[in-house]
Amino acid sequence: MSRAVMNVEEIAEYLGLGVAKIYQLVEKKEIPASKIGKQYRFRKENIDAWLNANIIMEDTNFLNLVDETRKEFKSAGYTQKDIDQAVAKVRKTA
């Protein structure tokens, strides 16, 4: 059972990362942490919120737009290769 407030070792275990990686994330201010004296502490609720905010997934609106665009391209006579190239180009800029 994880505690409400964890130290570096505990948060590393909770996240399945090495201690050195936790220190790197803290240095870059990429993970929510509090410094008490010379030690870092992590609130579990902040870490869980941080994890939720950093979920990597496709945007539903983007996927719908891609589907609509594919249909329009097909009806305009473009090949599947043309469509895939256009989608890849848009994904790079999105």
# chains A, B, ... in the order shown; residues from 1 in each chain; ligands from 1

call {"tool": "closest_atom_pairs", "arguments": {"of": "range 23-92 of chain A", "to": "range 13-16 of chain A", "cutoff": "10 Å", "atoms": "only C-alpha atoms", "output": "Markdown table"}}
result
| residue | atom | partner | partner_atom | distance |
| --- | --- | --- | --- | --- |
| A:Lys44 | CA | A:Tyr14 | CA | 9.3 |
| A:Ile47 | CA | A:Leu15 | CA | 9.1 |
| A:Asp48 | CA | A:Leu15 | CA | 9.9 |
| A:Leu51 | CA | A:Leu15 | CA | 9.5 |

call {"tool": "write_last_selection", "arguments": {"atoms": "C-alpha atoms", "output": "PDB file, in the first residue's frame"}}
result
ATOM      1  CA  LYS A  44       0.435  10.506  -4.054  1.00  0.00           C
ATOM      2  CA  ILE A  47       1.531  12.104  -8.723  1.00  0.00           C
ATOM      3  CA  ASP A  48      -1.714  10.386  -9.731  1.00  0.00           C
ATOM      4  CA  LEU A  51       0.030  10.660 -14.452  1.00  0.00           C
TER       5      LEU A  51
END

call {"tool": "select_by_dssp", "arguments": {"residues": "chain A", "states": "strand (DSSP E or B)", "output": "PyMOL selection string"}}
result
chain A and resi 5-6+34-36+39-43

call {"tool": "select_by_dssp", "arguments": {"residues": "range 16-86 of chain A", "states": "helix (DSSP H, G or I)", "output": "MDAnalysis selection string"}}
result
chainID A and resid 19:27 44:53 60:75 80:86

call {"tool": "residues_around", "arguments": {"residues": "Lys21 in chain A", "least_positions_apart": "2", "cutoff": "12 Å", "atoms": "only C-alpha atoms", "output": "VMD selection string"}}
result
chain A and resid 8 to 9 11 to 13 15 to 19 23 to 28 30 to 31

call {"tool": "residues_around", "arguments": {"residues": "Arg43 in chain A", "least_positions_apart": "2", "cutoff": "12 Å", "atoms": "only C-alpha atoms", "output": "PDB file with N, CA and C atoms, in the first residue's frame"}}
result
ATOM      1  N   SER A   2       0.609   2.138  -0.909  1.00  0.00           N
ATOM      2  CA  SER A   2       1.426   3.357  -0.981  1.00  0.00           C
ATOM      3  C   SER A   2       0.917   4.387   0.027  1.00  0.00           C
ATOM      4  N   ARG A   3       1.817   5.195   0.478  1.00  0.00           N
ATOM      5  CA  ARG A   3       1.489   6.215   1.473  1.00  0.00           C
ATOM      6  C   ARG A   3       1.019   7.483   0.780  1.00  0.00           C
ATOM      7  N   ALA A   4       0.407   8.385   1.540  1.00  0.00           N
ATOM      8  CA  ALA A   4      -0.081   9.654   0.992  1.00  0.00           C
ATOM      9  C   ALA A   4       1.073  10.559   0.581  1.00  0.00           C
ATOM     10  N   VAL A   5       2.176  10.492   1.331  1.00  0.00           N
ATOM     11  CA  VAL A   5       3.374  11.266   1.017  1.00  0.00           C
ATOM     12  C   VAL A   5       4.534  10.279   0.951  1.00  0.00           C
ATOM     13  N   MET A   6       5.285  10.353  -0.156  1.00  0.00           N
ATOM     14  CA  MET A   6       6.364   9.394  -0.369  1.00  0.00           C
ATOM     15  C   MET A   6       7.695  10.107  -0.588  1.00  0.00           C
ATOM     16  N   ASN A   7       8.780   9.401  -0.260  1.00  0.00           N
ATOM     17  CA  ASN A   7      10.116   9.926  -0.534  1.00  0.00           C
ATOM     18  C   ASN A   7      10.558   9.457  -1.918  1.00  0.00           C
ATOM     19  N   VAL A   8      11.784   9.786  -2.300  1.00  0.00           N
ATOM     20  CA  VAL A   8      12.283   9.476  -3.643  1.00  0.00           C
ATOM     21  C   VAL A   8      12.264   7.968  -3.907  1.00  0.00           C
ATOM     22  N   GLU A  10      10.450   5.641  -2.485  1.00  0.00           N
ATOM     23  CA  GLU A  10       9.083   5.125  -2.539  1.00  0.00           C
ATOM     24  C   GLU A  10       8.386   5.518  -3.837  1.00  0.00           C
ATOM     25  N   ILE A  11       8.610   6.756  -4.293  1.00  0.00           N
ATOM     26  CA  ILE A  11       7.956   7.189  -5.535  1.00  0.00           C
ATOM     27  C   ILE A  11       8.567   6.459  -6.731  1.00  0.00           C
ATOM     28  N   TYR A  14       6.877   3.173  -6.707  1.00  0.00           N
ATOM     29  CA  TYR A  14       5.472   3.352  -7.103  1.00  0.00           C
ATOM     30  C   TYR A  14       5.345   3.513  -8.615  1.00  0.00           C
ATOM     31  N   ILE A  31       8.046  16.637 -12.719  1.00  0.00           N
ATOM     32  CA  ILE A  31       7.230  15.832 -11.816  1.00  0.00           C
ATOM     33  C   ILE A  31       6.917  16.690 -10.596  1.00  0.00           C
ATOM     34  N   PRO A  32       5.682  16.629 -10.087  1.00  0.00           N
ATOM     35  CA  PRO A  32       5.337  17.456  -8.920  1.00  0.00           C
ATOM     36  C   PRO A  32       6.014  16.941  -7.648  1.00  0.00           C
ATOM     37  N   ALA A  33       6.792  17.810  -7.039  1.00  0.00           N
ATOM     38  CA  ALA A  33       7.533  17.440  -5.826  1.00  0.00           C
ATOM     39  C   ALA A  33       7.603  18.636  -4.890  1.00  0.00           C
ATOM     40  N   SER A  34       7.799  18.338  -3.616  1.00  0.00           N
ATOM     41  CA  SER A  34       8.034  19.370  -2.607  1.00  0.00           C
ATOM     42  C   SER A  34       9.402  19.121  -2.005  1.00  0.00           C
ATOM     43  N   LYS A  35      10.103  20.183  -1.693  1.00  0.00           N
ATOM     44  CA  LYS A  35      11.417  20.039  -1.083  1.00  0.00           C
ATOM     45  C   LYS A  35      11.314  20.480   0.374  1.00  0.00           C
ATOM     46  N   TYR A  40      13.286  15.506  -0.970  1.00  0.00           N
ATOM     47  CA  TYR A  40      12.084  15.680  -1.777  1.00  0.00           C
ATOM     48  C   TYR A  40      10.980  14.769  -1.262  1.00  0.00           C
ATOM     49  N   ARG A  41       9.760  15.279  -1.330  1.00  0.00           N
ATOM     50  CA  ARG A  41       8.586  14.508  -0.961  1.00  0.00           C
ATOM     51  C   ARG A  41       7.569  14.632  -2.081  1.00  0.00           C
ATOM     52  N   GLU A  45      -1.518  11.929  -4.358  1.00  0.00           N
ATOM     53  CA  GLU A  45      -2.611  12.520  -5.146  1.00  0.00           C
ATOM     54  C   GLU A  45      -2.079  13.415  -6.269  1.00  0.00           C
ATOM     55  N   ASN A  46      -0.973  14.127  -6.031  1.00  0.00           N
ATOM     56  CA  ASN A  46      -0.368  14.952  -7.084  1.00  0.00           C
ATOM     57  C   ASN A  46       0.265  14.090  -8.169  1.00  0.00           C
ATOM     58  N   ILE A  47       0.909  13.008  -7.753  1.00  0.00           N
ATOM     59  CA  ILE A  47       1.531  12.104  -8.723  1.00  0.00           C
ATOM     60  C   ILE A  47       0.455  11.447  -9.584  1.00  0.00           C
ATOM     61  N   ASP A  48      -0.629  11.008  -8.967  1.00  0.00           N
ATOM     62  CA  ASP A  48      -1.714  10.386  -9.731  1.00  0.00           C
ATOM     63  C   ASP A  48      -2.334  11.383 -10.711  1.00  0.00           C
ATOM     64  N   ALA A  49      -2.522  12.626 -10.280  1.00  0.00           N
ATOM     65  CA  ALA A  49      -3.047  13.660 -11.181  1.00  0.00           C
ATOM     66  C   ALA A  49      -2.069  13.928 -12.315  1.00  0.00           C
ATOM     67  N   TRP A  50      -0.777  13.970 -12.000  1.00  0.00           N
ATOM     68  CA  TRP A  50       0.267  14.166 -13.014  1.00  0.00           C
ATOM     69  C   TRP A  50       0.246  13.037 -14.026  1.00  0.00           C
TER      70      TRP A  50
END

call {"tool": "atom_distance", "arguments": {"atom1": "CA of Asp84 in chain A", "atom2": "CA of Asn64 in chain A"}}
result
15.0 Å

call {"tool": "atom_distance", "arguments": {"atom1": "CA of Asp82 in chain A", "atom2": "CA of Asn61 in chain A"}}
result
21.6 Å

call {"tool": "residues_around", "arguments": {"residues": "Val90 in chain A", "least_positions_apart": "6", "cutoff": "12 Å", "atoms": "only C-alpha atoms", "output": "count of residues only"}}
result
7
